[in-house]
$ cat structure.cif   # mmCIF, C-alpha atoms and all ligand atoms
data_run
loop_
_atom_site.label_atom_id
_atom_site.label_comp_id
_atom_site.auth_asym_id
_atom_site.auth_seq_id
_atom_site.Cartn_x
_atom_site.Cartn_y
_atom_site.Cartn_z
CA MET A 14 -1.49 -56.91 -30.85
CA ILE A 15 -0.69 -54.76 -33.82
CA TYR A 16 0.79 -55.35 -37.22
CA ALA A 17 2.30 -52.66 -39.37
CA THR A 18 2.89 -52.83 -43.07
CA ILE A 19 4.76 -50.23 -45.01
CA ILE A 20 2.48 -49.23 -47.85
CA ASN A 21 4.31 -46.37 -49.36
CA MET A 22 7.40 -44.38 -48.67
CA GLN A 23 6.93 -40.88 -49.98
CA SER A 24 9.87 -39.13 -51.51
CA SER A 25 9.98 -36.40 -48.90
CA ILE A 26 11.02 -38.30 -45.81
CA THR A 27 12.37 -35.81 -43.33
CA ALA A 28 15.23 -36.19 -40.91
CA ALA A 29 12.59 -36.47 -38.19
CA GLY A 30 11.02 -39.29 -40.16
CA TYR A 31 14.16 -41.37 -39.98
CA ALA A 32 14.25 -40.99 -36.25
CA THR A 33 10.63 -41.98 -35.79
CA PRO A 34 10.01 -45.00 -33.57
CA PHE A 35 7.55 -46.39 -36.09
CA ILE A 36 10.36 -47.40 -38.41
CA ARG A 37 11.72 -49.74 -35.76
CA GLN A 38 8.19 -50.85 -34.99
CA ARG A 39 7.74 -51.76 -38.62
CA THR A 40 10.66 -54.18 -38.90
CA HIS A 41 10.04 -55.56 -35.44
CA LEU A 42 6.38 -56.24 -36.12
CA LEU A 43 6.70 -57.46 -39.67
CA SER A 44 8.77 -60.39 -38.48
CA LYS A 45 5.94 -61.43 -36.19
CA GLN A 46 3.32 -60.96 -38.84
CA ARG A 47 3.57 -64.24 -40.71
CA THR A 48 3.03 -66.57 -37.79
CA SER A 49 0.59 -64.37 -35.94
CA ASP A 50 -1.63 -63.71 -38.95
CA SER A 51 -2.59 -67.30 -39.55
CA PHE A 52 -2.92 -67.94 -35.84
CA HIS A 53 -5.47 -65.18 -35.43
CA LEU A 54 -7.39 -66.07 -38.57
CA HIS A 55 -8.17 -69.49 -37.23
CA ARG A 56 -8.47 -68.68 -33.60
CA ASP A 57 -11.03 -65.97 -33.27
CA ARG A 58 -12.93 -64.46 -36.14
CA ALA A 59 -14.84 -62.18 -33.74
CA ARG A 60 -11.56 -60.43 -32.93
CA ARG A 61 -10.82 -59.70 -36.56
CA PRO A 62 -8.38 -56.84 -36.84
CA ILE A 63 -9.44 -53.36 -37.81
CA ARG A 64 -7.37 -51.67 -40.48
CA LYS A 65 -6.29 -48.10 -39.98
CA MET A 66 -4.09 -45.79 -41.94
CA ALA A 67 -1.64 -43.48 -40.34
CA SER A 68 1.01 -41.26 -41.80
CA PHE A 69 4.19 -40.47 -39.94
CA SER A 70 6.65 -38.04 -41.45
CA GLY A 71 5.92 -38.99 -45.00
CA LEU A 72 5.81 -42.69 -44.22
CA SER A 73 2.41 -44.29 -44.66
CA VAL A 74 1.78 -47.15 -42.32
CA SER A 75 -1.18 -49.46 -42.14
CA ILE A 76 -1.95 -50.54 -38.61
CA ARG A 77 -4.22 -53.35 -37.58
CA SER A 78 -5.25 -53.47 -33.99
CA HIS A 79 -7.69 -55.68 -32.15
CA ALA A 80 -10.37 -53.33 -30.88
CA SER A 81 -11.55 -55.77 -28.22
CA ASN A 82 -8.09 -55.97 -26.73
CA SER A 83 -6.98 -52.40 -27.08
CA ASP A 84 -5.56 -50.43 -24.16
CA ASP A 85 -3.98 -47.81 -26.35
CA GLY A 86 -6.98 -45.95 -27.70
CA GLY A 87 -6.85 -48.11 -30.79
CA SER A 88 -3.72 -46.44 -32.16
CA GLY A 89 -1.51 -49.43 -31.47
CA PHE A 90 1.12 -47.21 -29.84
CA ARG A 91 1.51 -46.28 -26.20
CA THR A 92 3.21 -43.23 -24.85
CA LEU A 93 5.34 -43.28 -21.73
CA THR A 94 2.63 -41.38 -19.88
CA GLU A 95 -0.04 -43.87 -20.95
CA TYR A 96 2.19 -46.79 -20.07
CA ALA A 97 3.08 -45.50 -16.61
CA GLY A 98 -0.38 -44.07 -15.90
CA LYS A 99 -3.60 -45.52 -14.49
CA GLY A 100 -4.39 -47.47 -17.65
CA GLY A 101 -0.93 -49.02 -17.54
CA ILE A 102 1.37 -50.01 -14.70
CA ASP A 103 0.11 -47.10 -12.58
CA VAL A 104 3.23 -45.75 -10.90
CA GLY A 105 1.15 -43.21 -9.00
CA ASP A 106 0.24 -39.62 -9.79
CA ASP A 107 3.30 -38.04 -8.16
CA LEU A 108 5.82 -40.10 -10.13
CA LEU A 109 3.81 -39.72 -13.31
CA ILE A 110 3.85 -35.94 -13.00
CA LEU A 111 7.57 -35.99 -12.24
CA PHE A 112 8.22 -38.08 -15.35
CA ASP A 113 6.17 -35.71 -17.42
CA HIS A 114 8.52 -32.90 -16.43
CA ILE A 115 11.58 -35.09 -16.94
CA GLN A 116 10.39 -35.88 -20.47
CA TYR A 117 9.94 -32.19 -21.17
CA ALA A 118 13.43 -31.36 -19.90
CA CYS A 119 14.97 -34.10 -22.04
CA LYS A 120 13.14 -32.99 -25.16
CA ARG A 121 14.62 -29.55 -24.60
CA ILE A 122 18.10 -31.04 -24.15
CA ALA A 123 17.61 -33.21 -27.25
CA ALA A 124 16.80 -30.06 -29.23
CA LEU A 125 19.77 -28.27 -27.72
CA VAL A 126 22.36 -30.92 -28.55
CA ALA A 127 20.99 -31.23 -32.11
CA SER A 128 20.86 -27.48 -32.68
CA PRO A 129 23.16 -25.85 -35.25
CA PHE A 130 23.69 -23.11 -32.68
CA ASN A 131 24.97 -25.32 -29.90
CA SER A 132 28.56 -25.08 -31.08
CA SER A 133 28.84 -21.53 -29.82
CA LEU A 134 27.52 -22.73 -26.46
CA GLY A 135 29.53 -25.93 -26.38
CA ARG A 136 32.87 -24.66 -27.57
CA ARG A 137 35.41 -24.02 -24.89
CA SER A 138 37.97 -21.31 -25.41
CA ASP A 139 40.60 -23.52 -23.79
CA VAL A 140 40.11 -26.45 -26.17
CA VAL A 141 42.34 -26.26 -29.21
CA GLY A 142 42.07 -28.89 -31.94
CA GLY A 143 40.22 -31.21 -29.58
CA VAL A 144 42.99 -31.13 -26.97
CA ASP A 145 42.35 -29.55 -23.64
CA ALA A 146 44.93 -26.80 -23.36
CA GLY A 147 44.50 -25.76 -19.82
CA THR A 148 41.78 -26.60 -17.31
CA GLY A 149 40.92 -30.06 -16.00
CA ARG A 150 39.03 -32.50 -18.21
CA ASP A 151 36.17 -32.65 -15.74
CA ASP A 152 35.46 -28.95 -15.83
CA PRO A 153 31.84 -28.35 -16.70
CA LYS A 154 31.29 -27.37 -20.32
CA PRO A 155 28.59 -24.85 -21.18
CA LEU A 156 26.16 -27.41 -22.59
CA ASP A 157 26.37 -29.37 -19.36
CA ILE A 158 25.47 -26.25 -17.46
CA VAL A 159 22.56 -25.38 -19.74
CA SER A 160 21.25 -28.94 -19.47
CA ASN A 161 21.60 -28.76 -15.71
CA GLU A 162 19.55 -25.57 -15.62
CA ILE A 163 16.87 -27.07 -17.86
CA ILE A 164 16.54 -30.06 -15.54
CA LEU A 165 16.50 -27.95 -12.39
CA SER A 166 13.75 -25.74 -13.78
CA SER A 167 11.63 -28.76 -14.81
CA LEU A 168 12.08 -30.41 -11.43
CA CYS A 169 11.07 -27.18 -9.68
CA ASN A 170 8.01 -26.82 -11.93
CA SER A 171 6.92 -30.38 -11.22
CA GLY A 172 6.28 -29.55 -7.56
CA LYS A 173 7.30 -33.14 -6.80
CA VAL A 174 10.96 -32.80 -5.87
CA ALA A 175 12.47 -32.07 -2.47
CA VAL A 176 16.10 -32.07 -3.55
CA MET A 177 18.15 -32.39 -6.71
CA ALA A 178 21.76 -33.56 -6.64
CA SER A 179 23.59 -33.08 -9.92
CA GLU A 180 27.00 -34.06 -11.20
CA GLU A 181 27.33 -30.41 -12.21
CA ASP A 182 26.76 -28.96 -8.74
CA ASP A 183 29.10 -29.17 -5.75
CA THR A 184 26.23 -29.56 -3.32
CA PRO A 185 22.60 -30.69 -3.65
CA ILE A 186 19.91 -28.07 -4.20
CA TRP A 187 16.98 -28.11 -1.81
CA ILE A 188 13.85 -27.36 -3.80
CA SER A 189 10.80 -27.88 -1.60
CA ASN A 190 9.99 -29.22 1.85
CA ASP A 191 7.04 -31.30 0.73
CA GLY A 192 8.35 -32.69 -2.55
CA PRO A 193 8.00 -36.48 -2.27
CA PHE A 194 11.11 -37.28 -4.35
CA VAL A 195 14.87 -36.89 -4.42
CA VAL A 196 16.40 -36.72 -7.91
CA VAL A 197 20.06 -37.41 -8.68
CA THR A 198 21.22 -36.64 -12.20
CA ASP A 199 24.07 -36.46 -14.66
CA PRO A 200 22.53 -33.84 -16.98
CA LEU A 201 24.71 -34.39 -20.06
CA ASP A 202 27.10 -37.30 -20.02
CA GLY A 203 29.62 -37.67 -22.82
CA SER A 204 29.55 -33.96 -23.53
CA ARG A 205 33.29 -33.90 -24.23
CA ASN A 206 32.31 -35.44 -27.59
CA ILE A 207 29.61 -32.97 -28.39
CA ASP A 208 31.50 -30.99 -31.04
CA ALA A 209 31.78 -34.20 -33.08
CA SER A 210 28.03 -34.90 -32.77
CA ILE A 211 28.70 -38.17 -30.99
CA PRO A 212 25.78 -39.50 -28.89
CA THR A 213 25.31 -38.06 -25.43
CA GLY A 214 22.89 -38.86 -22.63
CA THR A 215 21.16 -37.79 -19.44
CA ILE A 216 20.86 -40.07 -16.40
CA PHE A 217 18.33 -39.87 -13.55
CA GLY A 218 17.87 -41.72 -10.28
CA ILE A 219 14.76 -41.14 -8.17
CA TYR A 220 14.37 -41.88 -4.46
CA ASN A 221 11.65 -41.16 -1.96
CA ARG A 222 12.36 -38.22 0.34
CA LEU A 223 13.42 -39.53 3.76
CA VAL A 224 10.69 -37.96 5.89
CA GLU A 225 12.48 -39.04 9.05
CA LEU A 226 15.16 -36.44 8.21
CA ASP A 227 12.72 -33.56 7.76
CA HIS A 228 13.71 -31.99 11.10
CA LEU A 229 17.39 -31.60 10.13
CA PRO A 230 18.97 -28.37 8.83
CA THR A 231 18.48 -28.00 5.08
CA ASP A 232 22.10 -28.64 4.07
CA GLU A 233 22.26 -31.78 6.12
CA LYS A 234 19.01 -33.30 4.95
CA ALA A 235 19.80 -32.38 1.34
CA GLN A 236 23.08 -34.26 1.61
CA LEU A 237 21.74 -37.33 3.41
CA ASN A 238 18.71 -37.68 1.14
CA SER A 239 21.04 -37.64 -1.87
CA LEU A 240 23.40 -40.23 -0.41
CA GLN A 241 20.84 -43.03 -0.30
CA SER A 242 21.97 -46.48 -1.32
CA GLY A 243 21.06 -47.53 -4.85
CA SER A 244 18.97 -50.35 -3.40
CA ARG A 245 16.42 -47.69 -2.39
CA LEU A 246 15.90 -46.31 -5.89
CA VAL A 247 12.21 -46.17 -6.83
CA ALA A 248 12.86 -45.33 -10.47
CA ALA A 249 15.73 -44.63 -12.82
CA ALA A 250 16.08 -43.54 -16.41
CA TYR A 251 18.50 -42.49 -19.05
CA VAL A 252 17.89 -40.56 -22.22
CA LEU A 253 20.10 -41.24 -25.21
CA TYR A 254 20.50 -38.40 -27.72
CA SER A 255 21.54 -40.17 -30.89
CA SER A 256 20.07 -41.00 -34.32
CA ALA A 257 16.93 -41.45 -32.23
CA THR A 258 16.18 -40.00 -28.81
CA VAL A 259 15.44 -42.92 -26.50
CA LEU A 260 14.20 -42.71 -22.93
CA CYS A 261 14.79 -45.95 -21.09
CA ALA A 262 13.16 -46.22 -17.67
CA THR A 263 12.47 -48.55 -14.82
CA PHE A 264 9.88 -48.06 -12.11
CA GLY A 265 11.03 -51.22 -10.35
CA SER A 266 9.15 -53.67 -12.56
CA GLY A 267 11.23 -54.23 -15.66
CA THR A 268 13.14 -51.91 -17.95
CA HIS A 269 11.31 -50.29 -20.84
CA ALA A 270 12.51 -48.06 -23.66
CA PHE A 271 10.51 -45.33 -25.34
CA THR A 272 11.55 -43.62 -28.55
CA LEU A 273 10.78 -39.97 -29.20
CA ASP A 274 8.40 -39.42 -32.08
CA HIS A 275 9.54 -36.02 -33.27
CA THR A 276 6.28 -35.49 -35.15
CA THR A 277 4.13 -35.56 -31.99
CA GLY A 278 6.68 -34.99 -29.24
CA ASP A 279 5.68 -38.23 -27.49
CA PHE A 280 7.97 -40.93 -26.15
CA ILE A 281 6.49 -44.13 -27.63
CA LEU A 282 6.97 -47.53 -26.04
CA THR A 283 9.23 -49.37 -28.48
CA HIS A 284 11.03 -51.87 -26.21
CA PRO A 285 8.71 -53.17 -23.47
CA ASN A 286 10.36 -55.37 -20.86
CA LEU A 287 13.86 -55.27 -22.25
CA ARG A 288 15.89 -58.36 -21.35
CA ILE A 289 19.64 -58.17 -21.72
CA PRO A 290 21.04 -61.36 -23.30
CA LEU A 291 22.61 -63.73 -20.74
CA ARG A 292 25.80 -63.43 -22.81
CA GLY A 293 26.99 -60.98 -25.38
CA GLN A 294 29.91 -61.00 -27.73
CA ILE A 295 30.97 -57.39 -27.27
CA TYR A 296 33.24 -55.76 -24.73
CA SER A 297 33.34 -52.01 -24.36
CA VAL A 298 36.31 -50.32 -22.74
CA ASN A 299 38.95 -47.70 -23.47
CA ASP A 300 41.67 -50.25 -24.12
CA ALA A 301 44.37 -47.69 -24.82
CA ARG A 302 44.63 -47.98 -21.03
CA TYR A 303 45.65 -51.65 -21.30
CA PHE A 304 49.11 -51.04 -19.85
CA ASP A 305 47.63 -49.37 -16.77
CA TRP A 306 45.25 -52.28 -16.13
CA PRO A 307 45.83 -54.88 -13.44
CA GLU A 308 46.81 -58.38 -14.49
CA GLY A 309 43.31 -59.85 -13.97
CA LEU A 310 41.63 -57.43 -16.34
CA ARG A 311 44.32 -57.88 -19.00
CA GLN A 312 43.90 -61.63 -18.80
CA TYR A 313 40.13 -61.41 -19.01
CA ILE A 314 40.18 -59.18 -22.10
CA ASP A 315 42.95 -61.23 -23.76
CA THR A 316 40.94 -64.39 -23.13
CA ILE A 317 37.60 -63.23 -24.54
CA ARG A 318 39.28 -61.55 -27.51
CA GLN A 319 40.71 -64.90 -28.48
CA GLY A 320 37.47 -66.78 -27.95
CA LYS A 321 39.00 -68.76 -25.08
CA GLY A 322 36.56 -67.69 -22.36
CA LYS A 323 33.59 -69.61 -20.98
CA TYR A 324 31.68 -68.45 -24.05
CA PRO A 325 33.86 -69.78 -26.84
CA LYS A 326 33.37 -66.91 -29.26
CA LYS A 327 35.82 -64.22 -30.19
CA TYR A 328 34.49 -61.00 -28.70
CA SER A 329 34.43 -57.72 -30.60
CA ALA A 330 35.26 -54.30 -29.19
CA ARG A 331 32.93 -51.29 -29.34
CA TYR A 332 33.67 -48.09 -27.42
CA ILE A 333 31.92 -44.79 -28.04
CA CYS A 334 33.30 -43.14 -24.88
CA SER A 335 29.82 -41.97 -24.01
CA LEU A 336 28.49 -43.95 -21.09
CA VAL A 337 24.78 -43.84 -21.95
CA ALA A 338 25.42 -44.88 -25.55
CA ASP A 339 27.79 -47.69 -24.56
CA PHE A 340 25.33 -48.89 -21.93
CA HIS A 341 22.32 -48.71 -24.26
CA ARG A 342 24.06 -50.89 -26.85
CA THR A 343 25.10 -53.33 -24.12
CA LEU A 344 21.52 -53.57 -22.86
CA LEU A 345 20.29 -54.44 -26.34
CA TYR A 346 23.09 -56.68 -27.60
CA GLY A 347 24.63 -58.00 -24.38
CA GLY A 348 28.27 -58.20 -23.34
CA VAL A 349 30.01 -55.89 -20.92
CA ALA A 350 30.52 -52.12 -20.82
CA MET A 351 33.20 -51.01 -18.41
CA ASN A 352 35.37 -48.27 -17.10
CA PRO A 353 37.82 -50.02 -14.75
CA ARG A 354 39.38 -46.88 -13.25
CA ASP A 355 37.90 -44.65 -10.54
CA HIS A 356 36.17 -42.33 -12.93
CA LEU A 357 32.39 -42.75 -13.08
CA ARG A 358 30.21 -41.54 -10.24
CA LEU A 359 28.38 -43.89 -7.91
CA VAL A 360 25.47 -41.54 -7.17
CA TYR A 361 24.76 -40.07 -10.60
CA GLU A 362 25.84 -42.81 -12.99
CA ALA A 363 26.59 -46.22 -11.47
CA ASN A 364 23.51 -46.54 -9.26
CA PRO A 365 20.81 -45.53 -11.76
CA LEU A 366 22.37 -47.56 -14.61
CA SER A 367 22.85 -50.60 -12.36
CA PHE A 368 19.18 -50.45 -11.37
CA LEU A 369 18.20 -50.37 -15.06
CA ALA A 370 20.62 -53.22 -15.81
CA GLU A 371 19.27 -55.39 -12.98
CA GLN A 372 15.67 -54.73 -13.96
CA ALA A 373 16.60 -56.01 -17.44
CA GLY A 374 18.20 -59.17 -15.98
CA GLY A 375 21.75 -57.79 -16.08
CA LYS A 376 24.33 -56.82 -13.48
CA GLY A 377 26.18 -53.75 -12.25
CA SER A 378 29.45 -54.29 -10.39
CA ASP A 379 32.55 -52.40 -9.27
CA GLY A 380 34.53 -55.53 -10.14
CA LYS A 381 34.02 -57.05 -6.68
CA ASN A 382 30.68 -55.90 -5.30
CA ARG A 383 27.15 -55.36 -6.52
CA ILE A 384 26.87 -51.62 -7.13
CA LEU A 385 23.40 -51.34 -5.57
CA SER A 386 24.70 -52.75 -2.28
CA LEU A 387 27.26 -49.95 -1.83
CA GLN A 388 26.56 -47.13 0.60
CA PRO A 389 27.69 -43.83 -0.93
CA VAL A 390 29.80 -41.77 1.45
CA LYS A 391 30.47 -38.76 -0.77
CA LEU A 392 28.23 -37.18 -3.39
CA HIS A 393 30.86 -37.15 -6.13
CA GLN A 394 32.41 -40.50 -5.18
CA ARG A 395 33.98 -42.26 -8.18
CA LEU A 396 34.53 -45.96 -8.73
CA PRO A 397 35.27 -48.62 -11.37
CA LEU A 398 32.07 -49.67 -13.16
CA PHE A 399 31.19 -52.89 -15.01
CA LEU A 400 27.69 -53.23 -16.48
CA GLY A 401 26.23 -55.93 -18.65
CA SER A 402 25.10 -59.48 -19.23
CA PRO A 403 24.97 -61.55 -16.05
CA GLU A 404 27.22 -64.35 -17.29
CA ASP A 405 29.77 -61.93 -18.71
CA ILE A 406 29.95 -59.94 -15.48
CA GLU A 407 30.28 -63.13 -13.42
CA GLU A 408 33.13 -64.34 -15.62
CA LEU A 409 34.87 -60.97 -15.41
CA GLU A 410 34.56 -60.87 -11.60
CA SER A 411 36.07 -64.37 -11.41
CA TYR A 412 39.40 -62.85 -12.53
CA GLY A 413 39.49 -61.04 -9.16
CA ASP A 414 41.92 -58.30 -10.00
CA VAL A 415 39.99 -56.09 -12.46
CA GLN A 416 39.96 -52.63 -10.85
CA GLN A 417 42.49 -50.21 -12.31
CA LYS A 418 44.42 -48.58 -9.47
CA VAL A 419 46.65 -46.42 -11.68
CA ASN A 420 44.64 -43.36 -12.66
CA PRO A 421 47.03 -40.75 -14.00
CA GLY A 422 44.44 -38.24 -15.26
CA TYR A 423 44.43 -38.91 -18.96
CA GLU A 424 44.50 -35.94 -21.29
CA VAL A 425 41.79 -37.04 -23.73
O1 LIG A 501 38.38 -41.50 -20.47
P1 LIG A 501 37.67 -42.77 -20.19
O2 LIG A 501 38.25 -43.50 -19.03
O3 LIG A 501 37.56 -43.65 -21.40
O4 LIG A 501 36.22 -42.36 -19.69
C1 LIG A 501 35.15 -42.16 -20.57
C2 LIG A 501 33.88 -42.03 -19.81
O5 LIG A 501 33.86 -40.75 -19.25
C3 LIG A 501 32.64 -40.12 -19.58
O6 LIG A 501 32.87 -39.26 -20.65
C4 LIG A 501 32.16 -39.35 -18.39
O7 LIG A 501 33.21 -38.52 -17.99
P2 LIG A 501 33.00 -36.99 -17.68
O8 LIG A 501 32.06 -36.98 -16.52
O9 LIG A 501 34.36 -36.47 -17.39
O10 LIG A 501 32.39 -36.39 -18.92
C5 LIG A 501 31.71 -41.22 -20.00
O11 LIG A 501 30.69 -40.80 -20.85
C6 LIG A 501 32.67 -42.17 -20.66
O12 LIG A 501 32.15 -43.45 -20.62
#
$ encode --input "structure.cif" --output "structure tokens"
Amino acid sequence: MIYATIINMQSSITAAGYATPFIRQRTHLLSKQRTSDSFHLHRDRARRPIRKMASFSGLSVSIRSHASNSDDGGSGFRTLTEYAGKGGIDVGDDLLILFDHIQYACKRIAALVASPFNSSLGRRSDVVGGVDAGTGRDDPKPLDIVSNEIILSSLCNSGKVAVMASEEDDTPIWISNDGPFVVVTDPLDGSRNIDASIPTGTIFGIYNRLVELDHLPTDEKAQLNSLQSGSRLVAAAYVLYSSATVLCATFGSGTHAFTLDHTTGDFILTHPNLRIPLRGQIYSVNDARYFDWPEGLRQYIDTIRQGKGKYPKKYSARYICSLVADFHRTLLYGGVAMNPRDHLRLVYEANPLSFLAEQAGGKGSDGKNRILSLQPVKLHQRLPLFLGSPEDIEELESYGDVQQKVNPGYEV
């Protein structure tokens, strides 16, 4: 157990300093300090804490850790690699190496989306004043493509991936015959907002390669490996690029979030074993679409807005229009994040996020069925998606008619 006390905040706190995970750690741990301090004083003098000083981005922090109980080298902080490695939950060398390369790719994407030079990459000649003047809204934007290339190169370098299927590619890319894993990814979700510096995210799902398909022609086995049901996921993760860069992962035993420490380049465990609240008080949806919704969904939203649902509180609305950011907030605060029309992808978005939601005690639904029980039939298959607190999702599903059938291809 560790306690952190802010000793001194130097005048030159950098932008990186504000994004450091230790700031969250500080408030989180200070609240525990009062009760735990007296408990430990009386309980075990032999395990008296050792005081250390550490300085992160101009912020001096005093850390006390119990040397006799330390599995973190005494620093009090654990990186993703330490957490998932042999000294931690031990996900196995292959997955650990793969995650090392995934972390590297996402740090590169984080730098890219935050770069002052990304606007020349991200700007589309056909977008005037924020309104798409010509091509379809789903056309890949340059930053999506760059992110896709970064991920592909990291997956190739890992030596651990047989096939990558990406939202940006029409067909899956076969990488290596003996790679143990299949990776599905949405390289940069929410990128339509990138010029306004609104949060974006990357999503990953990881399956085992289906060795029983090894004899098939490459195209066929690439396709079938990528179309596995979400119930077969061995790991999933998203990375949120926001005021902090957060990598939230599950290896099938809980959902854990790690925050990028820009001073060391490590993802630090800041939210072990995340549990989504059973109920939230927030709904997240693009409700300009209200008049295209079916009756059941309108009734549900009208009811919870007025505080007349099973949870007798008036719900608030929050909608960033960036799936990873809306989902991340929902995971932390509870409630329901939804897109009721056939828009989000089963393979790249719905399955990995539903696995993360379930591992945190939440639910992922298409309004009628558990997402992870669906068998994908097409790589780019789209569907309505509802993610969130278990009691909120159950209540929403009880309205029956919540999937938006009218999908006119909205302009923004
Ligand atoms: O336009 P809507 O229905 O509000 O959809 C917004 C959703 O679309 C996304 O932008 C993904 O769509 P794209 O794949 O077209 O970028 C999500 O990040 C967001 O949650």
$ residues_near_ligand --input "structure.cif" --ligand "ligand LIG 501 (chain A)" --cutoff "10 Å" --atoms "all atoms listed in the file" --output "ChimeraX atom specification"
/A:149-154,157,180-181,199,201-206,212-214,297-302,332-340,350-358,361-362,397-398,420,422-425
$ atom_distance --input "structure.cif" --atom1 "atom CA of Gly278 of chain A" --atom2 "atom CA of Gly105 of chain A"
22.5 Å
$ atom_distance --input "structure.cif" --atom1 "atom CA of Leu400 of chain A" --atom2 "atom CA of Gly377 of chain A"
4.5 Å
$ residues_near_point --input "structure.cif" --point "(23.7, -66.2, -20.5)" --cutoff "12 Å" --atoms "only C-alpha atoms" --output "PDB file with C-alpha atoms, keeping the file's coordinate frame"
ATOM      1  CA  ARG A 288      15.890 -58.360 -21.350  1.00  0.00           C
ATOM      2  CA  ILE A 289      19.640 -58.170 -21.720  1.00  0.00           C
ATOM      3  CA  PRO A 290      21.040 -61.360 -23.300  1.00  0.00           C
ATOM      4  CA  LEU A 291      22.610 -63.730 -20.740  1.00  0.00           C
ATOM      5  CA  ARG A 292      25.800 -63.430 -22.810  1.00  0.00           C
ATOM      6  CA  GLY A 293      26.990 -60.980 -25.380  1.00  0.00           C
ATOM      7  CA  GLN A 294      29.910 -61.000 -27.730  1.00  0.00           C
ATOM      8  CA  LYS A 323      33.590 -69.610 -20.980  1.00  0.00           C
ATOM      9  CA  TYR A 324      31.680 -68.450 -24.050  1.00  0.00           C
ATOM     10  CA  TYR A 346      23.090 -56.680 -27.600  1.00  0.00           C
ATOM     11  CA  GLY A 347      24.630 -58.000 -24.380  1.00  0.00           C
ATOM     12  CA  GLY A 348      28.270 -58.200 -23.340  1.00  0.00           C
ATOM     13  CA  GLY A 374      18.200 -59.170 -15.980  1.00  0.00           C
ATOM     14  CA  GLY A 375      21.750 -57.790 -16.080  1.00  0.00           C
ATOM     15  CA  LYS A 376      24.330 -56.820 -13.480  1.00  0.00           C
ATOM     16  CA  GLY A 401      26.230 -55.930 -18.650  1.00  0.00           C
ATOM     17  CA  SER A 402      25.100 -59.480 -19.230  1.00  0.00           C
ATOM     18  CA  PRO A 403      24.970 -61.550 -16.050  1.00  0.00           C
ATOM     19  CA  GLU A 404      27.220 -64.350 -17.290  1.00  0.00           C
ATOM     20  CA  ASP A 405      29.770 -61.930 -18.710  1.00  0.00           C
ATOM     21  CA  ILE A 406      29.950 -59.940 -15.480  1.00  0.00           C
ATOM     22  CA  GLU A 407      30.280 -63.130 -13.420  1.00  0.00           C
ATOM     23  CA  GLU A 408      33.130 -64.340 -15.620  1.00  0.00           C
TER      24      GLU A 408
END
$ atom_distance --input "structure.cif" --atom1 "atom CA of Thr277 of chain A" --atom2 "atom CA of Phe130 of chain A"
23.2 Å
$ residues_around --input "structure.cif" --residues "Val176 of chain A" --least-positions-apart "3" --cutoff "7 Å" --atoms "all atoms listed in the file" --output "NGL selection string"
:A and (185-188 or 195-196 or 235)
$ closest_residue --input "structure.cif" --among "A:Phe217, A:Gln116, A:Pro155, A:Ala363" --to "His393 of chain A" --atoms "all atoms listed in the file"
A:Ala363
$ closest_residue --input "structure.cif" --among "A:Leu282, A:Val126, A:Leu359, A:Leu366" --to "Phe90 of chain A" --atoms "all atoms listed in the file"
A:Leu282
$ closest_residue --input "structure.cif" --among "A:Val349, A:Gln372, A:Tyr254, A:Gly413" --to "Arg331 of chain A" --atoms "all atoms listed in the file"
A:Val349
$ closest_residue --input "structure.cif" --among "A:Gln312, A:Gln394, A:Thr272, A:Asn131" --to "Val360 of chain A" --atoms "all atoms listed in the file"
A:Gln394
$ residues_around --input "structure.cif" --residues "Ser189 of chain A" --least-positions-apart "3" --cutoff "7 Å" --atoms "all atoms listed in the file" --output "list in words"
Val174, Ala175 and Gly192 of chain A
$ closest_residue --input "structure.cif" --among "A:Pro129, A:Leu165, A:Leu111, A:Gln416" --to "Pro193 of chain A" --atoms "all atoms listed in the file"
A:Leu111
$ axis_aligned_box --input "structure.cif" --around "segment 278-297 of chain A" --padding-each-side "4 Å" --output "AutoDock Vina command-line options"
--center_x 19.5 --center_y -49.4 --center_z -25.0 --size_x 35.7 --size_y 36.7 --size_z 16.5
$ closest_atom_pairs --input "structure.cif" --of "segment 165-224 of chain A" --to "segment 262-270 of chain A" --cutoff "10 Å" --atoms "all atoms listed in the file" --output "CSV"
residue,atom,partner,partner_atom,distance
A:Ile216,CA,A:Ala262,CA,9.9
A:Phe217,CA,A:Ala262,CA,9.2
A:Gly218,CA,A:Thr263,CA,9.8
A:Ile219,CA,A:Phe264,CA,9.3
$ write_last_selection --input "structure.cif" --atoms "C-alpha atoms" --output "PDB file, in the coordinates of the input"
ATOM      1  CA  ILE A 216      20.860 -40.070 -16.400  1.00  0.00           C
ATOM      2  CA  PHE A 217      18.330 -39.870 -13.550  1.00  0.00           C
ATOM      3  CA  GLY A 218      17.870 -41.720 -10.280  1.00  0.00           C
ATOM      4  CA  ILE A 219      14.760 -41.140  -8.170  1.00  0.00           C
TER       5      ILE A 219
END
$ closest_residue --input "structure.cif" --among "A:Ser255, A:Glu410, A:Leu344, A:Arg121" --to "Ile211 of chain A" --atoms "all atoms listed in the file"
A:Ser255
$ decode --input "structure.cif" --residues "segment 276-285 of chain A" --atoms "C-alpha atoms" --output "CSV table (one decimal), in the first residue's frame"
chain,number,residue,atom,x,y,z
A,276,THR,CA,7.9,11.8,-18.3
A,277,THR,CA,8.9,8.2,-18.5
A,278,GLY,CA,6.8,6.9,-21.4
A,279,ASP,CA,5.2,4.2,-19.2
A,280,PHE,CA,1.6,3.3,-18.8
A,281,ILE,CA,1.0,3.3,-15.0
A,282,LEU,CA,-1.7,1.3,-13.3
A,283,THR,CA,-4.1,4.0,-12.0
A,284,HIS,CA,-7.4,2.1,-12.0
A,285,PRO,CA,-7.0,-1.6,-11.0
